[in-house]
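**Q** data36.cif is the file, holding mmCIF, C-alpha atoms:
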```cif
data_target
#
loop_
_atom_site.label_atom_id
_atom_site.label_comp_id
_atom_site.auth_asym_id
_atom_site.auth_seq_id
_atom_site.Cartn_x
_atom_site.Cartn_y
_atom_site.Cartn_z
CA MET A 86 -19.44 15.21 -68.74
CA LYS A 87 -19.06 18.65 -70.18
CA LEU A 88 -16.23 21.10 -70.50
CA TYR A 89 -16.37 24.66 -69.24
CA VAL A 90 -14.11 26.64 -71.55
CA TYR A 91 -12.23 29.70 -70.29
CA CYS A 92 -9.87 30.64 -73.07
CA LEU A 93 -7.59 29.62 -75.87
CA VAL A 94 -3.83 30.01 -76.30
CA ASP A 95 -1.16 28.81 -78.67
CA ASN A 96 0.34 25.40 -77.87
CA THR A 97 3.83 26.76 -77.38
CA GLN A 98 2.78 28.96 -74.49
CA THR A 99 3.48 28.11 -70.89
CA LEU A 100 0.56 28.46 -68.58
CA PRO A 101 0.20 29.01 -64.85
CA GLU A 102 0.02 25.82 -62.81
CA SER A 103 -2.81 24.62 -60.58
CA LEU A 104 -5.45 27.17 -61.42
CA HIS A 105 -8.90 26.82 -59.99
CA GLY A 106 -11.93 28.24 -61.73
CA ILE A 107 -15.72 28.12 -61.48
CA LEU A 108 -16.89 26.50 -58.26
CA GLY A 109 -13.28 25.85 -57.39
CA VAL A 110 -12.90 23.15 -60.02
CA LEU A 111 -9.36 22.56 -61.29
CA VAL A 112 -8.51 24.13 -64.61
CA ARG A 113 -6.64 21.92 -67.03
CA ARG A 114 -5.08 22.28 -70.43
CA LEU A 115 -6.67 20.56 -73.39
CA GLU A 116 -4.74 20.47 -76.64
CA ILE A 117 -6.65 20.36 -79.90
CA GLY A 118 -4.66 20.89 -83.08
CA ASP A 119 -2.29 23.81 -82.65
CA PHE A 120 -4.26 25.25 -79.82
CA SER A 121 -4.58 24.77 -76.11
CA PHE A 122 -7.83 25.34 -74.32
CA LEU A 123 -8.15 26.02 -70.64
CA VAL A 124 -11.08 24.00 -69.39
CA SER A 125 -12.77 22.66 -66.30
CA ASP A 126 -14.72 19.45 -66.19
CA PHE A 127 -18.39 20.02 -65.49
CA SER A 128 -21.30 17.71 -64.91
CA ASP A 129 -24.08 20.30 -64.62
CA ARG A 130 -26.05 21.44 -67.65
CA THR A 131 -25.93 25.11 -66.83
CA VAL A 132 -23.68 27.62 -65.17
CA PRO A 133 -25.56 30.20 -63.09
CA VAL A 134 -24.68 33.80 -63.66
CA THR A 135 -23.51 34.72 -60.20
CA ARG A 136 -21.02 37.20 -58.92
CA GLU A 137 -18.71 34.41 -57.74
CA ASN A 138 -18.79 32.51 -61.01
CA ALA A 139 -18.21 35.59 -63.14
CA LEU A 140 -15.27 36.65 -60.95
CA ALA A 141 -13.86 33.11 -61.00
CA HIS A 142 -14.00 33.10 -64.78
CA ALA A 143 -12.30 36.48 -64.98
CA ALA A 144 -9.65 35.43 -62.46
CA VAL A 145 -8.62 32.41 -64.52
CA ILE A 146 -8.24 34.58 -67.59
CA GLN A 147 -6.36 37.23 -65.68
CA SER A 148 -3.90 34.59 -64.42
CA VAL A 149 -3.28 33.41 -67.96
CA LEU A 150 -2.76 37.01 -69.07
CA LYS A 151 0.26 37.18 -66.79
CA GLU A 152 2.03 34.63 -68.99
CA THR A 153 0.56 35.25 -72.43
CA THR A 154 -2.36 36.89 -74.20
CA PRO A 155 -5.25 34.42 -74.45
CA LEU A 156 -8.41 34.63 -76.49
CA PRO A 157 -11.11 34.56 -73.82
CA PHE A 158 -14.35 32.68 -74.24
CA ARG A 159 -17.59 34.19 -73.15
CA PHE A 160 -18.81 33.30 -69.70
CA GLY A 161 -20.93 30.19 -69.65
CA THR A 162 -19.35 28.27 -72.52
CA LEU A 163 -20.22 24.65 -71.77
CA VAL A 164 -19.52 22.16 -74.53
CA ASN A 165 -18.45 18.59 -75.08
CA GLY A 166 -15.11 17.56 -76.55
CA GLN A 167 -16.52 16.94 -80.01
CA GLN A 168 -18.01 20.43 -80.24
CA LEU A 169 -14.65 21.89 -79.32
CA GLU A 170 -12.90 19.84 -81.98
CA ASN A 171 -15.44 20.90 -84.58
CA TYR A 172 -14.98 24.48 -83.52
CA VAL A 173 -11.23 24.27 -84.07
CA SER A 174 -11.32 22.44 -87.38
CA ALA A 175 -13.84 24.91 -88.80
CA ARG A 176 -11.67 27.95 -88.09
CA SER A 177 -8.01 27.08 -87.49
CA GLU A 178 -6.73 29.80 -89.74
CA ALA A 179 -8.97 32.46 -88.27
CA LEU A 180 -7.95 31.52 -84.71
CA ARG A 181 -4.27 31.48 -85.57
CA SER A 182 -4.57 34.87 -87.18
CA LYS A 183 -6.51 36.23 -84.21
CA LEU A 184 -3.91 34.97 -81.76
CA GLU A 185 -1.22 36.64 -83.81
CA GLN A 186 -3.13 39.91 -83.80
CA VAL A 187 -3.46 40.00 -80.03
CA ARG A 188 0.00 38.68 -79.23
CA GLY A 189 1.76 40.82 -76.64
CA CYS A 190 -1.29 43.06 -76.36
CA VAL A 191 -3.90 43.84 -73.75
CA GLU A 192 -7.27 45.51 -73.85
CA MET A 193 -7.83 48.93 -72.34
CA ASN A 194 -11.30 50.43 -72.04
CA VAL A 195 -12.55 53.97 -72.02
CA LYS A 196 -16.11 54.85 -71.10
CA ILE A 197 -17.45 58.38 -71.37
CA ILE A 198 -20.40 59.99 -69.65
CA SER A 199 -22.00 63.34 -70.37
CA ASP A 200 -24.19 64.93 -67.74
CA ARG A 201 -25.83 67.30 -70.14
CA ASP A 202 -29.57 67.46 -70.62
CA TRP A 203 -30.30 66.99 -74.30
CA MET A 204 -33.92 68.04 -74.31
CA GLU A 205 -35.04 71.53 -75.17
CA GLU A 206 -37.09 73.42 -72.64
CA PRO A 207 -40.83 73.00 -73.14
CA GLN A 208 -42.50 75.98 -74.70
CA ALA A 209 -45.30 77.83 -72.92
CA SER A 210 -47.79 76.73 -75.55
CA GLU A 211 -47.15 73.11 -74.69
CA THR A 212 -48.65 73.30 -71.22
CA GLN A 213 -51.77 74.96 -72.57
CA ALA A 214 -52.29 72.39 -75.30
CA LYS A 215 -54.81 69.58 -75.23
CA PRO A 216 -53.63 66.30 -73.67
CA GLY A 217 -52.95 64.32 -76.86
CA THR A 218 -51.08 67.21 -78.43
CA ALA A 219 -49.11 67.88 -75.26
CA PHE A 220 -48.15 64.21 -75.17
CA LEU A 221 -46.81 64.34 -78.71
CA SER A 222 -44.99 67.60 -78.06
CA GLU A 223 -43.22 66.01 -75.13
CA LYS A 224 -42.33 62.99 -77.25
CA ARG A 225 -41.03 65.33 -79.90
CA ARG A 226 -38.70 66.98 -77.42
CA GLU A 227 -37.51 63.57 -76.25
CA ILE A 228 -36.89 62.34 -79.76
CA LEU A 229 -35.09 65.48 -80.89
CA GLY A 230 -33.08 65.39 -77.69
CA GLY A 231 -32.19 61.81 -78.50
CA GLU A 232 -30.98 62.84 -81.91
CA ALA A 233 -28.87 65.65 -80.50
CA ARG A 234 -27.37 63.21 -78.06
CA ALA A 235 -26.59 60.70 -80.79
CA ALA A 236 -24.85 63.35 -82.87
CA ARG A 237 -22.71 64.37 -79.88
CA ALA A 238 -21.90 60.74 -79.05
CA LYS A 239 -20.69 60.19 -82.58
CA GLN A 240 -18.52 63.27 -82.40
CA VAL A 241 -17.01 62.19 -79.08
CA ALA A 242 -16.32 58.72 -80.47
CA GLU A 243 -14.47 60.17 -83.46
CA TRP A 244 -12.49 62.46 -81.20
CA LEU A 245 -11.48 59.64 -78.86
CA LYS A 246 -10.42 57.49 -81.77
CA ASP A 247 -8.13 60.26 -83.01
CA GLN A 248 -6.65 60.79 -79.57
CA VAL A 249 -5.52 57.19 -79.14
CA ALA A 250 -4.80 56.27 -82.76
CA PRO A 251 -1.00 56.54 -82.45
CA VAL A 252 -0.85 53.91 -79.70
CA ALA A 253 -3.85 51.70 -80.38
CA LYS A 254 -3.29 48.67 -82.57
CA GLN A 255 -7.04 48.28 -82.96
CA THR A 256 -10.01 50.22 -81.65
CA GLN A 257 -13.68 49.40 -81.30
CA ILE A 258 -16.01 52.17 -80.27
CA GLU A 259 -19.70 51.89 -79.58
CA THR A 260 -22.02 54.84 -79.09
CA LEU A 261 -24.86 54.04 -76.74
CA PRO A 262 -28.44 54.96 -77.57
CA THR A 263 -29.68 56.04 -74.15
CA GLY A 264 -28.50 57.06 -70.74
CA LYS A 265 -25.75 59.33 -69.62
CA MET A 266 -23.04 57.11 -71.00
CA LEU A 267 -22.30 58.23 -74.53
CA VAL A 268 -19.45 56.05 -75.61
CA THR A 269 -17.78 52.79 -74.66
CA ALA A 270 -14.48 51.97 -76.31
CA ALA A 271 -12.14 48.99 -76.41
CA HIS A 272 -8.54 49.46 -77.47
CA LEU A 273 -6.00 46.78 -78.27
CA ILE A 274 -2.68 48.10 -76.96
CA GLU A 275 0.76 46.55 -76.99
CA TYR A 276 1.65 45.91 -73.40
CA GLU A 277 4.76 48.13 -73.45
CA ARG A 278 2.66 51.05 -74.64
CA VAL A 279 0.00 50.90 -71.95
CA GLU A 280 1.56 53.72 -69.94
CA GLU A 281 1.77 55.85 -73.07
CA PHE A 282 -1.88 55.09 -73.68
CA ARG A 283 -2.82 56.11 -70.15
CA LYS A 284 -0.96 59.39 -70.58
CA ARG A 285 -2.76 60.13 -73.82
CA VAL A 286 -6.14 59.50 -72.26
CA THR A 287 -5.25 61.68 -69.27
CA GLU A 288 -4.28 64.52 -71.58
CA ALA A 289 -7.44 64.02 -73.58
CA ARG A 290 -9.50 64.24 -70.39
CA HIS A 291 -8.06 67.66 -69.68
CA GLN A 292 -9.22 68.85 -73.07
CA ARG A 293 -12.80 67.83 -72.44
CA VAL A 294 -13.83 68.87 -68.95
CA ASP A 295 -17.46 68.68 -69.99
CA LEU A 296 -17.11 64.91 -70.14
CA HIS A 297 -16.56 62.28 -67.44
CA PHE A 298 -14.18 59.43 -68.13
CA LEU A 299 -13.58 55.94 -66.87
CA LEU A 300 -10.41 54.12 -67.85
CA SER A 301 -10.02 50.44 -67.08
CA GLY A 302 -7.53 47.74 -67.81
CA PRO A 303 -5.41 45.93 -68.60
CA TRP A 304 -7.79 43.17 -69.60
CA ALA A 305 -7.39 40.16 -71.85
CA PRO A 306 -8.69 41.03 -75.33
CA TYR A 307 -12.33 40.11 -74.63
CA SER A 308 -13.65 42.63 -77.10
CA PHE A 309 -11.35 41.53 -79.88
CA ALA A 310 -11.99 37.83 -79.51
CA HIS A 311 -14.74 37.51 -82.04
CA MET A 312 -14.68 35.66 -85.29
CA ASP A 313 -16.42 37.41 -88.15
CA LEU A 314 -17.18 33.96 -89.40
CA GLU A 315 -19.41 33.48 -86.39
CA PHE A 316 -21.97 35.99 -87.54
CA GLU A 317 -22.60 33.80 -90.54
CA THR A 318 -22.78 30.73 -88.36
CA HIS A 319 -25.36 32.36 -86.13
CA PHE A 320 -27.67 33.14 -88.96
CA GLY A 321 -26.97 29.96 -90.83
CA VAL A 322 -28.89 28.39 -87.94
CA SER A 323 -27.95 24.84 -87.13
CA MET B 43 5.53 27.94 -85.71
CA ALA B 44 8.11 29.64 -83.52
CA PHE B 45 7.30 32.94 -81.89
CA SER B 46 9.72 35.27 -80.23
CA PRO B 47 9.14 35.49 -76.46
CA GLU B 48 6.49 37.91 -75.21
CA PRO B 49 7.26 40.53 -72.58
CA PRO B 50 6.03 39.86 -69.02
CA HIS B 51 2.41 40.69 -68.49
CA PRO B 52 0.48 42.87 -66.16
CA ALA B 53 -1.24 42.73 -62.83
CA GLU B 54 -4.92 43.03 -62.03
CA PRO B 55 -7.02 45.42 -64.11
CA GLU B 56 -7.30 48.85 -62.57
CA ILE B 57 -10.17 51.24 -62.86
CA GLU B 58 -9.48 54.93 -62.94
CA THR B 59 -12.24 57.51 -62.73
CA ALA B 60 -13.10 60.74 -60.95
CA HIS B 61 -16.80 59.85 -60.99
CA PRO B 62 -17.29 56.34 -59.61
CA GLU B 63 -20.93 56.85 -58.52
CA GLU B 64 -22.01 57.97 -61.97
CA PHE B 65 -20.36 55.05 -63.67
CA VAL B 66 -21.79 52.58 -61.16
CA GLU B 67 -25.22 54.00 -61.94
CA GLN B 68 -24.76 53.75 -65.69
CA LEU B 69 -23.12 50.34 -65.68
CA ARG B 70 -25.89 49.01 -63.45
CA LEU B 71 -28.39 50.01 -66.12
CA VAL B 72 -26.48 47.98 -68.66
CA ALA B 73 -26.18 45.00 -66.33
CA ASP B 74 -29.88 45.12 -65.45
CA SER B 75 -30.90 45.07 -69.07
CA LEU B 76 -28.95 41.91 -69.78
CA PRO B 77 -31.48 39.16 -70.31
CA SER B 78 -31.20 36.58 -67.55
CA ARG B 79 -29.01 34.21 -69.47
CA ILE B 80 -29.03 30.78 -68.01
CA ASN B 81 -32.11 31.35 -65.91
CA ILE B 82 -34.38 31.20 -68.92
CA ASP B 83 -35.63 27.78 -67.83
CA ALA B 84 -36.50 29.06 -64.40
CA GLN B 85 -38.93 31.64 -65.80
CA GLY B 86 -42.56 30.62 -66.06
CA VAL B 87 -43.58 29.90 -69.63
CA GLU B 88 -46.37 32.42 -69.29
CA GLN B 89 -44.11 35.19 -68.16
CA GLY B 90 -41.56 34.36 -70.84
CA LEU B 91 -44.25 34.60 -73.46
CA ALA B 92 -45.59 37.84 -72.06
CA LYS B 93 -42.10 39.25 -72.04
CA LEU B 94 -41.63 38.37 -75.68
CA VAL B 95 -44.96 39.75 -76.78
CA LEU B 96 -44.67 42.93 -74.74
CA THR B 97 -41.14 43.55 -75.96
CA LEU B 98 -42.29 43.41 -79.54
CA ILE B 99 -45.25 45.67 -78.82
CA GLU B 100 -42.97 48.13 -77.02
CA PHE B 101 -40.66 48.11 -80.02
CA ILE B 102 -43.54 48.85 -82.35
CA ARG B 103 -44.93 51.46 -79.99
CA ARG B 104 -41.65 53.36 -80.12
CA LEU B 105 -41.58 53.20 -83.88
CA LEU B 106 -45.13 54.56 -83.98
CA GLU B 107 -44.20 57.41 -81.68
CA LYS B 108 -41.22 58.34 -83.83
CA GLN B 109 -43.35 58.22 -86.92
CA ALA B 110 -46.04 60.36 -85.32
CA VAL B 111 -43.51 63.00 -84.29
CA ARG B 112 -42.02 63.01 -87.80
CA ARG B 113 -45.45 63.55 -89.33
CA MET B 114 -46.16 66.29 -86.82
CA GLU B 115 -42.85 67.98 -87.66
CA GLY B 116 -43.54 67.55 -91.33
CA GLY B 117 -46.64 69.70 -90.90
CA ASP B 118 -49.02 67.46 -92.79
CA LEU B 119 -51.28 66.75 -89.82
CA SER B 120 -54.14 68.94 -88.74
CA PRO B 121 -54.36 69.97 -85.07
CA GLU B 122 -57.28 67.57 -84.65
CA GLN B 123 -55.28 64.72 -86.12
CA ILE B 124 -52.35 65.51 -83.88
CA GLU B 125 -54.62 65.45 -80.85
CA GLU B 126 -56.22 62.17 -81.86
CA LEU B 127 -52.88 60.54 -82.59
CA GLY B 128 -51.45 61.81 -79.33
CA LEU B 129 -54.37 60.46 -77.32
CA ALA B 130 -54.16 57.06 -79.01
CA LEU B 131 -50.46 56.80 -78.30
CA MET B 132 -51.02 57.91 -74.72
CA ARG B 133 -53.53 55.12 -74.27
CA LEU B 134 -51.16 52.59 -75.85
CA GLU B 135 -48.38 53.63 -73.51
CA ALA B 136 -50.70 53.37 -70.50
CA LYS B 137 -52.04 49.99 -71.60
CA LEU B 138 -48.56 48.61 -72.03
CA GLN B 139 -47.65 49.85 -68.58
CA GLU B 140 -50.70 48.08 -67.18
CA LEU B 141 -49.74 44.82 -68.88
CA LYS B 142 -46.19 45.07 -67.61
CA THR B 143 -47.49 45.45 -64.08
CA GLN B 144 -49.89 42.53 -64.48
CA PHE B 145 -47.05 40.27 -65.50
CA GLY B 146 -44.64 41.64 -62.95
CA LEU B 147 -42.24 42.94 -65.59
CA ALA B 148 -40.06 45.99 -65.21
CA ASP B 149 -38.92 48.27 -68.03
CA GLU B 150 -35.52 46.56 -68.07
CA ASP B 151 -37.14 43.15 -68.58
CA LEU B 152 -38.44 44.11 -71.96
CA ASN B 153 -35.64 43.48 -74.34
CA LEU B 154 -34.40 40.83 -76.69
CA ASP B 155 -30.77 40.01 -77.20
CA LEU B 156 -30.33 39.27 -80.86
CA GLY B 157 -26.72 38.15 -80.47
CA PRO B 158 -24.51 39.81 -83.06
CA ILE B 159 -27.04 42.49 -84.01
CA GLY B 160 -27.25 43.67 -80.47
CA ARG B 161 -30.43 44.33 -78.54
CA LEU B 162 -33.81 45.06 -80.02
CA ILE B 163 -34.53 48.02 -77.78
CA MET C 250 -8.14 73.41 -61.25
CA SER C 251 -6.99 70.22 -59.59
CA PHE C 252 -7.74 67.00 -61.33
CA GLU C 253 -8.98 64.40 -58.94
CA GLN C 254 -8.46 60.82 -59.89
CA ILE C 255 -9.62 57.79 -58.07
CA ILE C 256 -7.79 54.61 -58.81
CA VAL C 257 -9.77 51.52 -58.06
CA SER C 258 -8.21 48.12 -58.09
CA GLY C 259 -9.99 44.80 -57.74
CA ASN C 260 -9.34 44.95 -54.01
CA GLY C 261 -10.87 48.42 -53.61
CA ASP C 262 -12.00 49.31 -50.13
CA SER C 263 -15.35 50.94 -50.54
CA LEU C 264 -18.45 49.03 -51.56
CA GLU C 265 -18.79 51.35 -54.50
CA GLU C 266 -15.31 50.66 -55.78
CA GLN C 267 -15.94 46.95 -55.47
CA GLU C 268 -19.21 47.28 -57.32
CA LEU C 269 -17.59 49.28 -60.11
CA SER C 270 -14.94 46.62 -60.41
CA LEU C 271 -17.57 43.88 -60.50
CA LEU C 272 -19.68 45.70 -63.08
CA GLU C 273 -16.68 46.23 -65.33
CA THR C 274 -15.75 42.57 -65.00
CA LEU C 275 -19.31 41.47 -65.78
CA ASP C 276 -19.36 43.72 -68.81
CA HIS C 277 -16.33 41.88 -70.16
CA VAL C 278 -17.11 38.28 -69.35
CA LEU C 279 -20.83 38.33 -70.16
CA ASN C 280 -20.88 40.50 -73.26
CA ARG C 281 -17.67 39.63 -75.05
CA GLY C 282 -15.37 36.76 -75.86
CA LEU C 283 -15.43 33.85 -78.25
CA VAL C 284 -18.74 32.11 -78.78
CA ILE C 285 -19.29 28.49 -79.74
CA ALA C 286 -22.51 27.63 -81.57
CA GLY C 287 -24.57 25.19 -79.58
CA GLU C 288 -23.47 26.49 -76.17
CA ILE C 289 -26.06 27.32 -73.58
CA THR C 290 -25.25 31.01 -73.44
CA ILE C 291 -26.79 34.24 -74.55
CA ALA C 292 -26.09 34.87 -78.23
CA VAL C 293 -26.95 31.52 -79.71
CA ALA C 294 -29.31 30.35 -77.01
CA ASP C 295 -31.35 33.51 -77.10
CA ILE C 296 -31.54 33.58 -80.85
CA ASP C 297 -32.84 30.05 -80.73
CA LEU C 298 -35.15 31.05 -77.94
CA ILE C 299 -36.48 33.94 -79.92
CA PHE C 300 -37.19 31.74 -82.91
CA LEU C 301 -38.64 29.15 -80.61
CA GLY C 302 -40.47 31.87 -78.81
CA LEU C 303 -41.87 33.23 -82.03
CA ASN C 304 -43.02 29.80 -83.11
CA VAL C 305 -44.54 29.16 -79.74
CA MET C 306 -46.06 32.61 -79.81
CA LEU C 307 -47.51 32.31 -83.29
CA SER C 308 -49.06 28.96 -82.62
CA SER C 309 -50.20 30.03 -79.20
CA VAL C 310 -51.59 33.45 -80.00
CA GLU C 311 -55.08 32.36 -79.08
CA THR C 312 -53.87 30.89 -75.82
CA ALA C 313 -52.03 34.10 -75.02
CA GLN C 314 -55.12 36.14 -75.78
CA GLN C 315 -57.15 33.88 -73.57
CA VAL C 316 -54.65 34.26 -70.77
CA LEU C 317 -54.73 38.03 -71.08
CA ARG C 318 -58.53 38.08 -71.16
CA GLU C 319 -58.73 35.90 -68.08
CA ARG C 320 -56.31 38.15 -66.22
CA GLN C 321 -58.35 41.14 -67.20
CA LYS C 322 -61.55 39.53 -65.92
CA LYS C 323 -59.86 38.66 -62.65
CA SER C 324 -58.65 42.21 -62.11
CA GLU C 325 -62.04 43.73 -62.85
#
```
Is it possible to give me this structure as structure tokens?

**A**
Amino acid sequence: MKLYVYCLVDNTQTLPESLHGILGVLVRRLEIGDFSFLVSDFSDRTVPVTRENALAHAAVIQSVLKETTPLPFRFGTLVNGQQLENYVSARSEALRSKLEQVRGCVEMNVKIISDRDWMEEPQASETQAKPGTAFLSEKRREILGGEARAARAKQVAEWLKDQVAPVAKQTQIETLPTGKMLVTAAHLIEYERVEEFRKRVTEARHQRVDLHFLLSGPWAPYSFAHMDLEFETHFGVS
Amino acid sequence: MAFSPEPPHPAEPEIETAHPEEFVEQLRLVADSLPSRINIDAQGVEQGLAKLVLTLIEFIRRLLEKQAVRRMEGGDLSPEQIEELGLALMRLEAKLQELKTQFGLADEDLNLDLGPIGRLI
Amino acid sequence: MSFEQIIVSGNGDSLEEQELSLLETLDHVLNRGLVIAGEITIAVADIDLIFLGLNVMLSSVETAQQVLRERQKKSE
């Protein structure tokens, strides 16, 4: 019998009653140390990545968010009780500190698209060139275009960071290497300041009409629920 | 460990955008390039292997292209060398495309999720 | 210049709004969150798979080459 883990909260927190999660299975509270995990009992070895399951997972976490800010687990976390206990004992302090950081906060996301074409126009000489040379010239334009795009993405990321700094407790911005989407950002915002945050982003949008924005939230702090310790664990290889 | 009470929390997440189609298009690309997580077992061993090998070759191919363009920009290649290099890379790209088709793999299938370091390609 | 905004909630009407909502949700639950070593999910599983894959690949290079040669013969 395995446990499907949704999220983690502090023991003192009240949680919503009779929640149902993946495949309609009842969600229960499991206390380990100072922490409470929301889990479902599972007999299968795997959890298929389906629309229903992903939404069920998100719905459980969203319900918890109404009462308190949880640390969400990634979709598909299936473990046994011992693994969960080991997990807690190895990083109690880090988890406590993380919970404190996200307390009373939610995650808001901003994604930015630029429609612009980053490649230079081909020069006349390119079409007259021999095939191998023409091929490389085209690649050159693509690569240089890619570099121009990357520089712009970086600039946009810096700009966004500045715009929200006064209201964001923490910010994580990623620039994306390809595609129209330049930037994806996660901001940890105190719940009372979410409206202020929305206003700031709306004002910022007006400043940059060359860019297209998507604002989503509030979410549980998915993007901030990572333990730096884990990177070492991953490469320690067990 | 007593905490002061938290304020009441929010409703469902909202999405606000003036360009939903564009974002659907872009987010689909991201979703498509996610390796099929739990379905790894369902893949044929052969195809899984091909995917791995072709991903690595694709990665190297891109590095080679970048390097070739840098050398070209640097001006230390003769026109004949540029042509030869270009033709070789063209053939490599075509060959890789052929292999992808043979194994029924799409462009989005060729990637490796390296966990914390992100994706290879 | 008027500034058009479309607010999409989880219960959005159009198929597109629903898809956007789903994609955003997937982005969160599949890519982020706490990870436990030993789970059967992407980060750890795929790193193991890659190492496994590499081992399998290295020791099976000849087999792979054979497979590719056979496929080539078949398609000729």

**Q** Expand the PyMOL selection byres ((chain A and resi 258) around 6) into the individual residues it matches in the shown file, reporting them as a compact mmCIF listing (two decimals) with C-alpha atoms, in the frame of the given file.

**A**
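Everything below was put into result00.txt:
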```txt
# COMPACT_ATOMS: atom_id res chain seq x y z
CA GLN A 257 -13.68 49.40 -81.30
CA GLU A 259 -19.70 51.89 -79.58
CA THR A 269 -17.78 52.79 -74.66
CA ALA A 270 -14.48 51.97 -76.31
```

**Q** Give me the result of the PyMOL selection byres ((chain B and resi 99-112) around 12) on this file, residue by residue, as a ChimeraX atom specification.

**A** /A:217-229,231-232 /B:92-98,113-119,123-139,141-142,149-154,161-163

**Q** Kindly provide, as a list of chain:residue names, the polymer residues lying within 7 Å of (-22.8, 20.8, -71.6), counting all atoms listed in the file and using the coordinates exactly as they appear in the file.

**A**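 Those residues lying close to the given coordinates are A:Lys87, A:Leu88, A:Arg130, A:Leu163, A:Val164, A:Asn165.
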
**Q** For the file shown, report as a PyMOL selection string the outcome of the PyMOL selection byres ((chain A and resi 287-297) around 8) at residue level.

**A** (chain A and resi 197-200+245+248+283-286+298-299) or (chain B and resi 59-61)

**Q** Could you state the separation of CA of Val90 (chain A) and CA of Pro133 (chain A) in Å, given to one decimal place?

**A**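 Spanning CA of Val90 (chain A) to CA of Pro133 (chain A) is a straight-line distance of 14.7 Å.
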
**Q** Contacts from chain A to chain C, 6 Å maximum, only C-alpha atoms: show me the residue list as a list of chain:residue names.

**A**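 The selection requested is A:Pro157, A:Phe158, A:Arg159, A:Phe160, A:Gly161, A:Thr162, A:Leu163, A:Tyr307, A:Ser308, A:Ala310, A:His311.
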
**Q** Using the selection just defined, write its residues with C-alpha atoms as an mmCIF file, keeping the file's coordinate frame.

**A**
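Okay, this is what ended up in out.cif:
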```cif
data_model
loop_
_atom_site.group_PDB
_atom_site.id
_atom_site.type_symbol
_atom_site.label_atom_id
_atom_site.label_comp_id
_atom_site.auth_asym_id
_atom_site.auth_seq_id
_atom_site.Cartn_x
_atom_site.Cartn_y
_atom_site.Cartn_z
ATOM 1 C CA PRO A 157 -11.110 34.560 -73.820
ATOM 2 C CA PHE A 158 -14.350 32.680 -74.240
ATOM 3 C CA ARG A 159 -17.590 34.190 -73.150
ATOM 4 C CA PHE A 160 -18.810 33.300 -69.700
ATOM 5 C CA GLY A 161 -20.930 30.190 -69.650
ATOM 6 C CA THR A 162 -19.350 28.270 -72.520
ATOM 7 C CA LEU A 163 -20.220 24.650 -71.770
ATOM 8 C CA TYR A 307 -12.330 40.110 -74.630
ATOM 9 C CA SER A 308 -13.650 42.630 -77.100
ATOM 10 C CA ALA A 310 -11.990 37.830 -79.510
ATOM 11 C CA HIS A 311 -14.740 37.510 -82.040
#
```

**Q** Select, from A:Ser121, A:Asn171, A:Thr154, A:Thr260, the residue with the minimum atom-to-atom distance to Leu273 (chain A), counting all atoms listed in the file.

**A**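 Nearest to Leu273 (chain A): A:Thr154.
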
**Q** Can you pull out every residue within 9 Å of Pro262 (chain A), counting all atoms listed in the file, but drop anything in the same chain fewer than 4 positions away, and send it as a PyMOL selection string?

**A** chain A and resi 231+234-235+238+266-267
